[in-house]
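Here's coords-v1.csv, which has CSV, C-alpha atoms (C1' of nucleotides):
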```
chain,number,residue,atom,x,y,z
L,1,MET,CA,0.0,0.0,0.0
L,2,THR,CA,1.1,3.5,-0.7
L,3,ARG,CA,1.6,6.0,2.1
L,4,SER,CA,0.9,9.6,1.3
L,5,ALA,CA,3.8,11.9,2.0
L,6,ASP,CA,3.9,13.8,5.3
L,7,PRO,CA,5.0,17.5,5.2
L,8,ASP,CA,8.3,16.9,6.9
L,9,GLN,CA,9.3,14.3,4.3
L,10,LEU,CA,8.5,16.8,1.6
L,11,TYR,CA,10.4,19.5,3.5
L,12,ALA,CA,13.4,17.2,3.7
L,13,LEU,CA,13.2,16.5,0.0
L,14,ILE,CA,13.2,20.2,-1.0
L,15,THR,CA,16.1,20.9,1.3
L,16,GLU,CA,18.0,18.1,-0.3
L,17,ILE,CA,17.1,19.3,-3.8
L,18,ARG,CA,18.6,22.7,-2.9
L,19,LYS,CA,21.8,21.2,-1.6
L,20,ALA,CA,22.1,18.8,-4.5
L,21,PHE,CA,21.7,21.7,-6.9
L,22,GLY,CA,24.3,23.7,-5.1
L,23,GLU,CA,26.9,20.9,-5.5
L,24,LEU,CA,25.8,20.4,-9.0
L,25,ARG,CA,26.3,24.1,-9.8
L,26,THR,CA,29.8,24.0,-8.3
L,27,PHE,CA,30.5,20.8,-10.3
L,28,SER,CA,29.2,22.1,-13.6
L,29,ASP,CA,30.8,25.5,-13.4
L,30,GLY,CA,34.1,23.7,-13.2
L,31,GLN,CA,33.3,21.8,-16.4
L,32,ILE,CA,32.6,24.8,-18.6
L,33,MET,CA,34.6,27.7,-17.2
L,34,ASP,CA,37.5,27.2,-19.5
L,35,LEU,CA,35.3,27.0,-22.6
L,36,GLY,CA,34.3,30.7,-22.3
L,37,MET,CA,30.7,29.8,-21.4
L,38,THR,CA,28.5,30.5,-18.4
L,39,ALA,CA,26.0,28.1,-17.0
L,40,ALA,CA,23.1,30.1,-18.3
L,41,MET,CA,24.6,30.2,-21.8
L,42,ARG,CA,25.1,26.5,-21.6
L,43,ALA,CA,21.4,26.0,-20.8
L,44,VAL,CA,20.4,28.0,-23.9
L,45,LEU,CA,22.8,26.0,-26.1
L,46,GLU,CA,21.3,22.8,-24.7
L,47,ASP,CA,17.9,24.0,-25.7
L,48,LEU,CA,19.0,24.7,-29.2
L,49,ASP,CA,20.7,21.3,-29.3
L,50,LYS,CA,17.5,19.6,-28.2
L,51,HIS,CA,14.8,21.6,-30.0
L,52,GLY,CA,16.6,23.1,-33.0
L,53,ALA,CA,16.7,26.8,-34.1
L,54,GLN,CA,14.2,29.0,-32.4
L,55,THR,CA,13.4,32.7,-31.7
L,56,VAL,CA,14.5,34.3,-28.5
L,57,PRO,CA,10.9,34.7,-27.2
L,58,ASP,CA,10.2,31.0,-28.0
L,59,ILE,CA,13.1,29.9,-25.8
L,60,ALA,CA,12.1,32.3,-23.1
L,61,ARG,CA,8.6,30.9,-23.0
L,62,ARG,CA,9.8,27.3,-23.0
L,63,LYS,CA,12.2,28.0,-20.1
L,64,GLY,CA,9.9,30.2,-18.2
L,65,ARG,CA,12.4,33.1,-18.2
L,66,THR,CA,11.9,36.7,-19.6
L,67,ARG,CA,12.7,37.3,-23.2
L,68,GLN,CA,15.1,40.1,-22.2
L,69,HIS,CA,17.2,37.7,-20.2
L,70,ILE,CA,17.3,35.1,-23.0
L,71,GLN,CA,18.2,37.9,-25.4
L,72,GLN,CA,21.2,38.7,-23.3
L,73,LEU,CA,22.3,35.1,-23.3
L,74,ALA,CA,21.7,34.8,-27.1
L,75,ASP,CA,23.8,37.9,-27.7
L,76,ALA,CA,26.6,36.4,-25.6
L,77,LEU,CA,26.5,33.1,-27.4
L,78,VAL,CA,26.7,34.9,-30.8
L,79,GLU,CA,29.5,37.1,-29.5
L,80,ALA,CA,31.4,34.0,-28.4
L,81,GLY,CA,30.8,32.3,-31.8
L,82,PHE,CA,28.6,29.5,-30.4
L,83,ALA,CA,25.4,30.6,-32.1
L,84,GLU,CA,24.2,32.9,-34.9
L,85,PHE,CA,20.9,34.5,-36.0
L,86,HIS,CA,19.3,33.3,-39.2
L,87,ASP,CA,16.5,35.0,-41.1
L,88,ASN,CA,13.1,33.7,-40.1
L,89,PRO,CA,10.8,33.0,-43.0
L,90,ALA,CA,7.8,33.2,-40.7
L,91,HIS,CA,8.7,36.6,-39.1
L,92,ARG,CA,10.6,39.4,-40.5
L,93,ARG,CA,11.6,41.0,-37.2
L,94,SER,CA,12.2,38.0,-35.0
L,95,ARG,CA,15.1,35.9,-36.2
L,96,LEU,CA,16.0,32.3,-35.4
L,97,LEU,CA,18.8,31.5,-33.1
L,98,ALA,CA,20.8,28.5,-34.2
L,99,GLN,CA,24.0,26.7,-33.1
L,100,THR,CA,27.1,27.3,-35.1
L,101,LYS,CA,29.4,24.4,-35.9
L,102,ARG,CA,31.6,25.6,-33.1
L,103,GLY,CA,28.6,25.7,-30.8
L,104,ARG,CA,27.7,22.0,-31.6
L,105,GLU,CA,31.3,21.0,-31.0
L,106,VAL,CA,31.6,22.8,-27.7
L,107,PHE,CA,28.3,21.4,-26.5
L,108,SER,CA,29.2,17.9,-27.2
L,109,GLU,CA,32.5,18.4,-25.5
L,110,ILE,CA,30.6,19.6,-22.4
L,111,ARG,CA,28.4,16.5,-22.5
L,112,ARG,CA,31.4,14.3,-22.9
L,113,ARG,CA,33.0,15.8,-19.9
L,114,GLU,CA,29.8,15.6,-17.8
L,115,ARG,CA,29.2,12.0,-18.7
L,116,GLU,CA,32.7,11.1,-17.8
L,117,SER,CA,32.9,13.0,-14.5
L,118,LEU,CA,29.4,12.0,-13.5
L,119,GLY,CA,30.1,8.4,-14.3
L,120,ARG,CA,33.0,8.5,-11.9
L,121,ALA,CA,31.1,10.4,-9.2
L,122,ALA,CA,28.1,8.1,-9.2
L,123,GLU,CA,29.4,4.8,-10.2
L,124,ARG,CA,28.0,3.1,-7.2
L,125,LEU,CA,24.5,4.3,-7.7
L,126,ASP,CA,21.9,1.9,-9.0
L,127,GLY,CA,20.3,2.6,-12.4
L,128,GLY,CA,16.8,1.8,-11.2
L,129,ARG,CA,17.0,4.2,-8.3
L,130,ILE,CA,18.4,6.9,-10.6
L,131,GLN,CA,15.4,6.4,-12.9
L,132,ALA,CA,12.9,6.5,-10.0
L,133,THR,CA,14.5,9.7,-8.6
L,134,THR,CA,14.3,11.4,-12.0
L,135,ASP,CA,10.7,10.4,-12.4
L,136,LEU,CA,9.6,11.6,-9.0
L,137,LEU,CA,11.4,14.9,-9.4
L,138,ARG,CA,9.7,15.4,-12.7
L,139,GLU,CA,6.3,14.8,-11.1
L,140,LEU,CA,7.0,17.1,-8.2
L,141,ARG,CA,8.3,19.8,-10.6
L,142,LYS,CA,5.2,19.6,-12.7
L,143,ASP,CA,3.0,19.9,-9.6
L,144,LEU,CA,4.9,22.9,-8.5
L,145,ALA,CA,4.6,24.5,-11.9
L,146,GLY,CA,0.9,24.0,-11.7
L,147,GLN,CA,0.9,21.4,-14.5
L,148,THR,CA,2.3,23.9,-16.9
L,149,ASP,CA,4.6,21.2,-18.4
L,150,ARG,CA,7.2,23.5,-19.7
L,151,ASP,CA,10.0,21.3,-20.9
F,1,MET,CA,19.9,-7.5,-9.2
F,2,THR,CA,21.1,-4.0,-9.3
F,3,ARG,CA,22.0,-2.4,-12.7
F,4,SER,CA,24.7,0.2,-12.6
F,5,ALA,CA,23.7,3.6,-13.9
F,6,ASP,CA,24.5,4.5,-17.5
F,7,PRO,CA,25.8,8.0,-18.3
F,8,ASP,CA,22.6,9.0,-20.1
F,9,GLN,CA,20.5,8.2,-17.1
F,10,LEU,CA,22.7,10.3,-14.9
F,11,TYR,CA,22.6,13.1,-17.4
F,12,ALA,CA,18.8,13.0,-17.4
F,13,LEU,CA,18.8,13.1,-13.6
F,14,ILE,CA,21.0,16.2,-13.4
F,15,THR,CA,18.9,17.9,-16.0
F,16,GLU,CA,15.9,17.1,-14.0
F,17,ILE,CA,17.5,18.4,-10.8
F,18,ARG,CA,18.2,21.7,-12.5
F,19,LYS,CA,14.7,22.0,-13.7
F,20,ALA,CA,13.2,21.0,-10.3
F,21,PHE,CA,15.4,23.5,-8.5
F,22,GLY,CA,14.3,26.2,-10.9
F,23,GLU,CA,10.6,25.6,-10.2
F,24,LEU,CA,11.4,25.3,-6.5
F,25,ARG,CA,13.2,28.7,-6.5
F,26,THR,CA,10.2,30.3,-8.2
F,27,PHE,CA,7.9,28.7,-5.7
F,28,SER,CA,10.0,29.6,-2.6
F,29,ASP,CA,10.6,33.2,-3.6
F,30,GLY,CA,6.9,33.6,-3.7
F,31,GLN,CA,6.7,32.3,-0.1
F,32,ILE,CA,9.2,34.7,1.5
F,33,MET,CA,9.2,37.9,-0.6
F,34,ASP,CA,6.7,39.7,1.6
F,35,LEU,CA,8.6,38.9,4.8
F,36,GLY,CA,11.5,41.1,3.8
F,37,MET,CA,13.9,38.2,3.3
F,38,THR,CA,15.8,36.8,0.4
F,39,ALA,CA,16.4,33.1,-0.4
F,40,ALA,CA,20.0,33.4,0.7
F,41,MET,CA,19.1,35.0,4.0
F,42,ARG,CA,16.5,32.3,4.5
F,43,ALA,CA,19.2,29.7,4.1
F,44,VAL,CA,21.4,31.2,6.8
F,45,LEU,CA,18.4,31.5,9.1
F,46,GLU,CA,17.6,27.9,8.5
F,47,ASP,CA,21.2,27.0,9.4
F,48,LEU,CA,20.9,29.0,12.7
F,49,ASP,CA,17.6,27.2,13.4
F,50,LYS,CA,19.1,23.8,12.9
F,51,HIS,CA,22.6,24.2,14.3
F,52,GLY,CA,22.2,27.1,16.8
F,53,ALA,CA,24.4,30.2,17.1
F,54,GLN,CA,27.6,30.1,15.2
F,55,THR,CA,30.3,32.4,13.9
F,56,VAL,CA,30.2,33.7,10.3
F,57,PRO,CA,33.2,31.7,9.2
F,58,ASP,CA,31.7,28.5,10.7
F,59,ILE,CA,28.5,29.0,8.7
F,60,ALA,CA,30.5,29.7,5.6
F,61,ARG,CA,32.5,26.5,6.0
F,62,ARG,CA,29.5,24.4,6.6
F,63,LYS,CA,27.7,25.8,3.5
F,64,GLY,CA,30.7,25.8,1.3
F,65,ARG,CA,30.4,29.6,0.6
F,66,THR,CA,32.9,32.4,1.2
F,67,ARG,CA,32.9,34.0,4.7
F,68,GLN,CA,32.6,37.4,3.0
F,69,HIS,CA,29.3,36.3,1.4
F,70,ILE,CA,27.9,34.9,4.6
F,71,GLN,CA,29.0,38.1,6.4
F,72,GLN,CA,26.9,40.1,4.0
F,73,LEU,CA,23.9,37.9,4.6
F,74,ALA,CA,24.5,38.0,8.4
F,75,ASP,CA,24.6,41.8,8.3
F,76,ALA,CA,21.3,41.9,6.3
F,77,LEU,CA,19.7,39.5,8.8
F,78,VAL,CA,20.8,41.8,11.7
F,79,GLU,CA,19.7,44.9,9.8
F,80,ALA,CA,16.2,43.3,9.3
F,81,GLY,CA,16.0,42.3,12.9
F,82,PHE,CA,16.0,38.5,12.3
F,83,ALA,CA,19.4,37.8,13.9
F,84,GLU,CA,21.9,39.5,16.3
F,85,PHE,CA,25.6,39.1,17.2
F,86,HIS,CA,26.5,37.8,20.7
F,87,ASP,CA,29.8,37.9,22.3
F,88,ASN,CA,31.8,34.7,21.8
F,89,PRO,CA,33.5,33.4,25.0
F,90,ALA,CA,35.8,31.3,22.8
F,91,HIS,CA,36.9,34.1,20.6
F,92,ARG,CA,37.2,37.8,21.3
F,93,ARG,CA,37.0,38.9,17.7
F,94,SER,CA,34.6,36.5,16.1
F,95,ARG,CA,31.1,36.9,17.5
F,96,LEU,CA,28.3,34.4,17.4
F,97,LEU,CA,25.3,35.0,15.1
F,98,ALA,CA,22.0,34.0,16.7
F,99,GLN,CA,18.4,34.2,15.7
F,100,THR,CA,16.3,36.8,17.4
F,101,LYS,CA,12.8,36.1,18.7
F,102,ARG,CA,11.5,37.7,15.5
F,103,GLY,CA,13.8,35.5,13.4
F,104,ARG,CA,12.5,32.4,15.0
F,105,GLU,CA,8.9,33.5,14.5
F,106,VAL,CA,9.5,34.4,10.8
F,107,PHE,CA,11.3,31.2,10.1
F,108,SER,CA,8.5,29.1,11.6
F,109,GLU,CA,6.0,31.1,9.5
F,110,ILE,CA,8.1,30.3,6.4
F,111,ARG,CA,8.1,26.6,7.3
F,112,ARG,CA,4.4,26.6,8.0
F,113,ARG,CA,3.7,28.1,4.6
F,114,GLU,CA,6.1,25.7,2.8
F,115,ARG,CA,4.5,22.7,4.5
F,116,GLU,CA,1.1,23.9,3.6
F,117,SER,CA,1.8,24.7,-0.1
F,118,LEU,CA,4.0,21.7,-0.6
F,119,GLY,CA,1.4,19.4,0.9
F,120,ARG,CA,-1.1,20.8,-1.6
F,121,ALA,CA,1.3,20.6,-4.6
F,122,ALA,CA,2.5,17.1,-3.9
F,123,GLU,CA,-0.5,15.4,-2.3
F,124,ARG,CA,-0.5,12.6,-4.8
F,125,LEU,CA,3.2,11.6,-4.3
F,126,ASP,CA,3.9,8.5,-2.3
F,127,GLY,CA,5.9,8.8,0.9
F,128,GLY,CA,8.2,5.9,0.2
F,129,ARG,CA,9.1,7.4,-3.2
F,130,ILE,CA,9.8,10.7,-1.6
F,131,GLN,CA,12.1,9.1,0.9
F,132,ALA,CA,13.9,7.1,-1.8
F,133,THR,CA,14.4,10.3,-3.8
F,134,THR,CA,15.8,12.2,-0.9
F,135,ASP,CA,18.2,9.4,-0.1
F,136,LEU,CA,19.5,9.1,-3.6
F,137,LEU,CA,20.0,12.8,-4.0
F,138,ARG,CA,21.9,12.8,-0.8
F,139,GLU,CA,24.2,10.1,-2.0
F,140,LEU,CA,24.8,11.7,-5.3
F,141,ARG,CA,25.5,15.1,-3.7
F,142,LYS,CA,28.0,13.6,-1.4
F,143,ASP,CA,29.7,11.9,-4.3
F,144,LEU,CA,29.8,15.2,-6.1
F,145,ALA,CA,31.2,17.0,-3.1
F,146,GLY,CA,33.9,14.3,-2.9
F,147,GLN,CA,32.6,12.8,0.3
F,148,THR,CA,33.1,16.2,2.1
F,149,ASP,CA,29.8,15.7,3.9
F,150,ARG,CA,29.2,19.3,4.5
F,151,ASP,CA,25.6,19.5,6.0
I,1,DT,C1',-8.5,48.0,-41.2
I,2,DG,C1',-7.8,49.2,-36.7
I,3,DA,C1',-6.8,47.7,-32.0
I,4,DA,C1',-4.2,44.5,-29.2
I,5,DA,C1',-0.2,41.6,-28.7
I,6,DT,C1',4.5,40.6,-29.7
I,7,DT,C1',9.2,41.7,-30.6
I,8,DG,C1',14.0,44.1,-30.5
I,9,DA,C1',16.8,47.3,-28.4
I,10,DC,C1',18.4,49.6,-24.6
I,11,DA,C1',18.8,50.8,-19.6
I,12,DA,C1',18.7,50.1,-14.9
I,13,DT,C1',18.2,47.2,-10.9
I,14,DT,C1',18.3,43.2,-7.7
I,15,DT,C1',20.2,39.0,-5.8
I,16,DA,C1',23.8,35.6,-5.2
I,17,DC,C1',28.1,35.1,-4.8
I,18,DT,C1',33.2,35.9,-5.8
I,19,DT,C1',38.0,37.8,-5.5
I,20,DG,C1',41.2,40.9,-3.3
I,21,DT,C1',43.3,43.6,0.4
I,22,DC,C1',44.7,45.0,5.0
I,23,DA,C1',45.0,45.2,9.8
I,24,DA,C1',43.7,42.7,14.2
I,25,DT,C1',43.6,38.6,16.6
I,26,DA,C1',44.4,33.5,17.5
I,27,DA,C1',46.8,29.2,17.1
I,28,DT,C1',51.1,26.7,16.6
I,29,DG,C1',55.3,24.8,17.1
I,30,DA,C1',60.3,25.2,17.9
M,1,DT,C1',57.7,32.3,25.1
M,2,DC,C1',58.0,34.3,21.1
M,3,DA,C1',58.0,34.3,16.1
M,4,DT,C1',55.5,32.6,12.4
M,5,DT,C1',51.3,31.2,10.3
M,6,DA,C1',46.4,31.1,9.9
M,7,DT,C1',42.0,33.1,10.8
M,8,DT,C1',38.9,36.9,11.1
M,9,DG,C1',36.4,41.5,10.3
M,10,DA,C1',35.8,45.3,7.5
M,11,DC,C1',35.6,47.2,3.2
M,12,DA,C1',35.7,47.4,-1.9
M,13,DA,C1',34.9,46.0,-6.4
M,14,DG,C1',33.4,42.8,-9.7
M,15,DT,C1',30.7,38.9,-12.2
M,16,DA,C1',26.6,36.1,-13.3
M,17,DA,C1',21.7,35.3,-13.4
M,18,DA,C1',17.7,37.2,-13.8
M,19,DT,C1',14.3,41.0,-13.3
M,20,DT,C1',11.5,45.3,-14.4
M,21,DG,C1',10.6,49.1,-17.4
M,22,DT,C1',10.2,51.7,-21.7
M,23,DC,C1',9.5,52.7,-26.7
M,24,DA,C1',9.1,52.0,-31.4
M,25,DA,C1',8.5,48.5,-35.1
M,26,DT,C1',6.0,44.7,-36.5
M,27,DT,C1',2.4,41.0,-36.2
M,28,DT,C1',-1.9,39.1,-35.2
M,29,DC,C1',-6.6,39.0,-35.0
M,30,DA,C1',-11.4,40.3,-34.4
```
What is this structure when it is put down as structure tokens?
Amino acid sequence: MTRSADPDQLYALITEIRKAFGELRTFSDGQIMDLGMTAAMRAVLEDLDKHGAQTVPDIARRKGRTRQHIQQLADALVEAGFAEFHDNPAHRRSRLLAQTKRGREVFSEIRRRERESLGRAAERLDGGRIQATTDLLRELRKDLAGQTDRD
Amino acid sequence: MTRSADPDQLYALITEIRKAFGELRTFSDGQIMDLGMTAAMRAVLEDLDKHGAQTVPDIARRKGRTRQHIQQLADALVEAGFAEFHDNPAHRRSRLLAQTKRGREVFSEIRRRERESLGRAAERLDGGRIQATTDLLRELRKDLAGQTDRD
DNA sequence: TGAAATTGACAATTTACTTGTCAATAATGA
DNA sequence: TCATTATTGACAAGTAAATTGTCAATTTCA
């Protein structure tokens, strides 16, 4: 039989999510610093990698951030040579942000590093438990977001 | 039998941790904004609540942040009336940061709100799964931190 | 077609957190 | 005990993530 969660358990979970994210941030920053990329830029590049070229407002909506913020990151990615704007047949004003060759290369280097380091850090963790954890976090996140189902 | 985690599963997990943290941050900011407290101040107050009065460098070490940063947050907490410095019998220069009555009150109000809202958001989640998720995240975090076991 | 919504460009601000410096104090070990 | 080393407080400046606000150009839609 399933027990429903008591508030203290949930509280312990969100505390742990915060701590885990903190460690993850420290870990990830170390992986990308030398590539001339910040964590937020990396997140946009990941989005382009997963969903293809998009306009800045599209990315902002998907990620639940302001378009102004995404615009800053997009400009930084272009400046660094990791992305470029293409004309958008569907909209004269709002151009499509796309990865450059260099952007794709750098992103796969980042993923390679993350896989390698994570594999080392978590080699003792069971795959089934990892899957279960991912699933539960996704459910919790969607509940928190009010079933918005952003990503 | 236990399967070992493959890198893609781990990658999916850290992606989900990032997203879950993002939602959580949005959620939590909404809970404390009106109390004149920021998320980082809240984290220090939580530390005082859990571990009692401590010096600024002690908190910084436990949280893995710089003492200068924690000093800023401590000053803000004092300024807002949520904490105060007490003389430290063990160290003339380095005083102990302690919650004030108001700090304790505000922190329990925050916890009350969080319990209530979280309970509503996650009422369908099973307690056993929550526990398993918390446990795995803790293990992963400690692996990432290199077994430092900070908190 | 005309009003309402979206977009780009630019500016300013907030929050979280860092690095760096210097003088005062504490801890340590020869 | 005393010189050296480490820690601390105070202050300054900077970076990164993200926000709010404004205005004119462009789209969308009723």
Pairwise distance for C1' of DA18 in chain M and C1' of DC10 in chain I, rounded to one decimal in Å: 16.5 Å
Where does chain L meet chain M within 12 Å, residue by residue, with the nearest atom pair and distance in Å to one decimal for each, counting all atoms listed in the file, listed by chain and rising number, as a Markdown table?
```
| residue | atom | partner | partner_atom | distance |
| --- | --- | --- | --- | --- |
| L:Asp29 | CA | M:DA16 | C1' | 11.4 |
| L:Met37 | CA | M:DA16 | C1' | 11.1 |
| L:Thr38 | CA | M:DA16 | C1' | 7.8 |
| L:Ala39 | CA | M:DA16 | C1' | 8.8 |
| L:Ala40 | CA | M:DA17 | C1' | 7.3 |
| L:Met41 | CA | M:DA17 | C1' | 10.2 |
| L:Ala43 | CA | M:DA17 | C1' | 11.9 |
| L:Ala60 | CA | M:DA18 | C1' | 11.9 |
| L:Gly64 | CA | M:DA18 | C1' | 11.4 |
| L:Arg65 | CA | M:DA18 | C1' | 8.0 |
| L:Thr66 | CA | M:DT19 | C1' | 8.0 |
| L:Arg67 | CA | M:DA18 | C1' | 10.6 |
| L:Gln68 | CA | M:DT19 | C1' | 9.0 |
| L:His69 | CA | M:DA18 | C1' | 6.4 |
| L:Ile70 | CA | M:DA18 | C1' | 9.4 |
| L:Gln71 | CA | M:DA18 | C1' | 11.6 |
| L:Gln72 | CA | M:DA18 | C1' | 10.2 |
| L:Leu73 | CA | M:DA17 | C1' | 9.9 |
| L:Ala90 | CA | M:DT27 | C1' | 10.5 |
| L:His91 | CA | M:DT27 | C1' | 8.2 |
| L:Arg92 | CA | M:DT26 | C1' | 8.1 |
| L:Arg93 | CA | M:DT26 | C1' | 6.7 |
| L:Ser94 | CA | M:DT26 | C1' | 9.3 |
```
Contact residues (chain L, partner chain F, 8 Å, all atoms listed in the file) as number ranges by chain: L: 2-14, 16-21, 23-24, 27, 114-116, 118-119, 121-134, 136-138, 140-141, 143-146
Once chain F is fitted onto chain L by least squares over all its in-order Cα atoms, send the moved chain as a short mmCIF file (atom, residue, chain, number, x, y, z; two decimals) with C-alpha atoms, in the coordinates of the input.
```
data_model
loop_
_atom_site.label_atom_id
_atom_site.label_comp_id
_atom_site.auth_asym_id
_atom_site.auth_seq_id
_atom_site.Cartn_x
_atom_site.Cartn_y
_atom_site.Cartn_z
CA MET F 1 0.06 0.02 -0.17
CA THR F 2 1.13 3.49 -0.88
CA ARG F 3 1.55 5.98 2.04
CA SER F 4 0.87 9.57 1.21
CA ALA F 5 3.74 11.94 1.85
CA ASP F 6 3.84 13.87 5.12
CA PRO F 7 4.88 17.54 5.08
CA ASP F 8 8.17 16.85 6.86
CA GLN F 9 9.21 14.37 4.25
CA LEU F 10 8.51 16.84 1.51
CA TYR F 11 10.38 19.51 3.37
CA ALA F 12 13.40 17.22 3.67
CA LEU F 13 13.22 16.51 -0.06
CA ILE F 14 13.22 20.18 -1.06
CA THR F 15 16.08 20.84 1.28
CA GLU F 16 17.92 18.05 -0.29
CA ILE F 17 17.17 19.34 -3.80
CA ARG F 18 18.63 22.70 -2.87
CA LYS F 19 21.72 21.15 -1.52
CA ALA F 20 22.14 18.78 -4.52
CA PHE F 21 21.69 21.65 -6.95
CA GLY F 22 24.31 23.64 -5.09
CA GLU F 23 26.92 20.87 -5.38
CA LEU F 24 25.86 20.32 -8.99
CA ARG F 25 26.37 24.04 -9.82
CA THR F 26 29.85 23.92 -8.28
CA PHE F 27 30.62 20.80 -10.22
CA SER F 28 29.24 22.08 -13.58
CA ASP F 29 30.91 25.47 -13.40
CA GLY F 30 34.15 23.66 -13.12
CA GLN F 31 33.33 21.76 -16.35
CA ILE F 32 32.59 24.77 -18.58
CA MET F 33 34.59 27.73 -17.20
CA ASP F 34 37.52 27.23 -19.54
CA LEU F 35 35.31 27.04 -22.63
CA GLY F 36 34.30 30.66 -22.32
CA MET F 37 30.70 29.88 -21.40
CA THR F 38 28.53 30.48 -18.42
CA ALA F 39 25.94 28.09 -16.91
CA ALA F 40 23.13 30.18 -18.30
CA MET F 41 24.58 30.23 -21.79
CA ARG F 42 25.08 26.49 -21.53
CA ALA F 43 21.41 26.10 -20.80
CA VAL F 44 20.32 27.99 -23.90
CA LEU F 45 22.78 26.00 -25.99
CA GLU F 46 21.38 22.83 -24.60
CA ASP F 47 17.88 24.02 -25.55
CA LEU F 48 19.07 24.73 -29.17
CA ASP F 49 20.65 21.25 -29.24
CA LYS F 50 17.49 19.56 -28.16
CA HIS F 51 14.80 21.61 -29.85
CA GLY F 52 16.65 23.14 -32.87
CA ALA F 53 16.65 26.79 -33.96
CA GLN F 54 14.11 28.97 -32.31
CA THR F 55 13.35 32.62 -31.71
CA VAL F 56 14.41 34.33 -28.46
CA PRO F 57 10.89 34.73 -27.18
CA ASP F 58 10.15 31.03 -27.88
CA ILE F 59 13.16 29.98 -25.80
CA ALA F 60 12.15 32.34 -23.07
CA ARG F 61 8.64 30.90 -22.94
CA ARG F 62 9.81 27.38 -22.87
CA LYS F 63 12.28 28.09 -20.01
CA GLY F 64 9.99 30.29 -18.08
CA ARG F 65 12.49 33.25 -18.16
CA THR F 66 12.05 36.78 -19.50
CA ARG F 67 12.76 37.31 -23.25
CA GLN F 68 15.09 40.17 -22.27
CA HIS F 69 17.23 37.72 -20.25
CA ILE F 70 17.34 35.14 -22.98
CA GLN F 71 18.20 37.92 -25.48
CA GLN F 72 21.22 38.77 -23.40
CA LEU F 73 22.33 35.17 -23.32
CA ALA F 74 21.66 34.81 -27.09
CA ASP F 75 23.79 37.87 -27.78
CA ALA F 76 26.66 36.46 -25.62
CA LEU F 77 26.40 33.11 -27.45
CA VAL F 78 26.66 34.96 -30.83
CA GLU F 79 29.47 37.15 -29.54
CA ALA F 80 31.41 33.97 -28.47
CA GLY F 81 30.76 32.31 -31.76
CA PHE F 82 28.59 29.45 -30.39
CA ALA F 83 25.33 30.54 -32.05
CA GLU F 84 24.13 32.82 -34.92
CA PHE F 85 20.84 34.47 -35.98
CA HIS F 86 19.13 33.24 -39.19
CA ASP F 87 16.41 34.89 -41.01
CA ASN F 88 12.96 33.64 -40.00
CA PRO F 89 10.62 32.94 -42.97
CA ALA F 90 7.67 33.08 -40.56
CA HIS F 91 8.55 36.38 -39.07
CA ARG F 92 10.41 39.32 -40.54
CA ARG F 93 11.45 40.82 -37.24
CA SER F 94 12.10 37.88 -35.01
CA ARG F 95 15.08 35.87 -36.21
CA LEU F 96 15.91 32.30 -35.40
CA LEU F 97 18.84 31.51 -33.06
CA ALA F 98 20.83 28.47 -34.18
CA GLN F 99 23.93 26.75 -32.99
CA THR F 100 27.03 27.22 -35.04
CA LYS F 101 29.38 24.36 -35.91
CA ARG F 102 31.57 25.54 -33.03
CA GLY F 103 28.56 25.58 -30.69
CA ARG F 104 27.71 22.05 -31.52
CA GLU F 105 31.30 20.93 -31.00
CA VAL F 106 31.58 22.76 -27.62
CA PHE F 107 28.30 21.44 -26.40
CA SER F 108 29.26 17.84 -27.23
CA GLU F 109 32.58 18.40 -25.42
CA ILE F 110 30.61 19.64 -22.38
CA ARG F 111 28.40 16.54 -22.49
CA ARG F 112 31.36 14.25 -22.91
CA ARG F 113 33.02 15.73 -19.85
CA GLU F 114 29.79 15.62 -17.77
CA ARG F 115 29.23 11.97 -18.69
CA GLU F 116 32.75 11.13 -17.82
CA SER F 117 32.88 12.94 -14.43
CA LEU F 118 29.39 11.96 -13.47
CA GLY F 119 30.06 8.33 -14.28
CA ARG F 120 33.06 8.50 -11.95
CA ALA F 121 31.19 10.36 -9.15
CA ALA F 122 28.14 8.16 -9.20
CA GLU F 123 29.48 4.75 -10.19
CA ARG F 124 28.01 3.07 -7.17
CA LEU F 125 24.40 4.32 -7.72
CA ASP F 126 21.90 1.87 -9.08
CA GLY F 127 20.25 2.60 -12.40
CA GLY F 128 16.74 1.80 -11.28
CA ARG F 129 17.10 4.21 -8.34
CA ILE F 130 18.35 6.88 -10.63
CA GLN F 131 15.39 6.44 -12.91
CA ALA F 132 12.94 6.47 -9.99
CA THR F 133 14.53 9.70 -8.73
CA THR F 134 14.31 11.40 -12.05
CA ASP F 135 10.69 10.42 -12.43
CA LEU F 136 9.68 11.67 -9.04
CA LEU F 137 11.45 14.96 -9.45
CA ARG F 138 9.71 15.39 -12.71
CA GLU F 139 6.35 14.85 -11.14
CA LEU F 140 7.00 17.15 -8.30
CA ARG F 141 8.31 19.90 -10.61
CA LYS F 142 5.26 19.69 -12.73
CA ASP F 143 3.08 19.95 -9.66
CA LEU F 144 5.03 22.98 -8.60
CA ALA F 145 4.75 24.58 -12.00
CA GLY F 146 0.98 23.98 -11.83
CA GLN F 147 0.96 21.37 -14.55
CA THR F 148 2.41 23.96 -17.04
CA ASP F 149 4.68 21.28 -18.46
CA ARG F 150 7.22 23.64 -19.75
CA ASP F 151 10.16 21.39 -21.00
#
```
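A straight line drawn from CA of Ser108 in chain L to CA of Ile32 in chain L is 11.5 Å long.
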Find the residues near Gly36 in chain L: any atom within 10 Å, counting only C-alpha atoms (C1' of nucleotides), skip ones fewer than 3 places away on the same chain, and give them as a list in words. Ile32, Met33, Met41, Leu77, Ala80, Phe82 and Val106 of chain L
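For the atom pair formed by CA of Asp75 in chain L and CA of Arg113 in chain L, the distance is 25.2 Å, given to one decimal.
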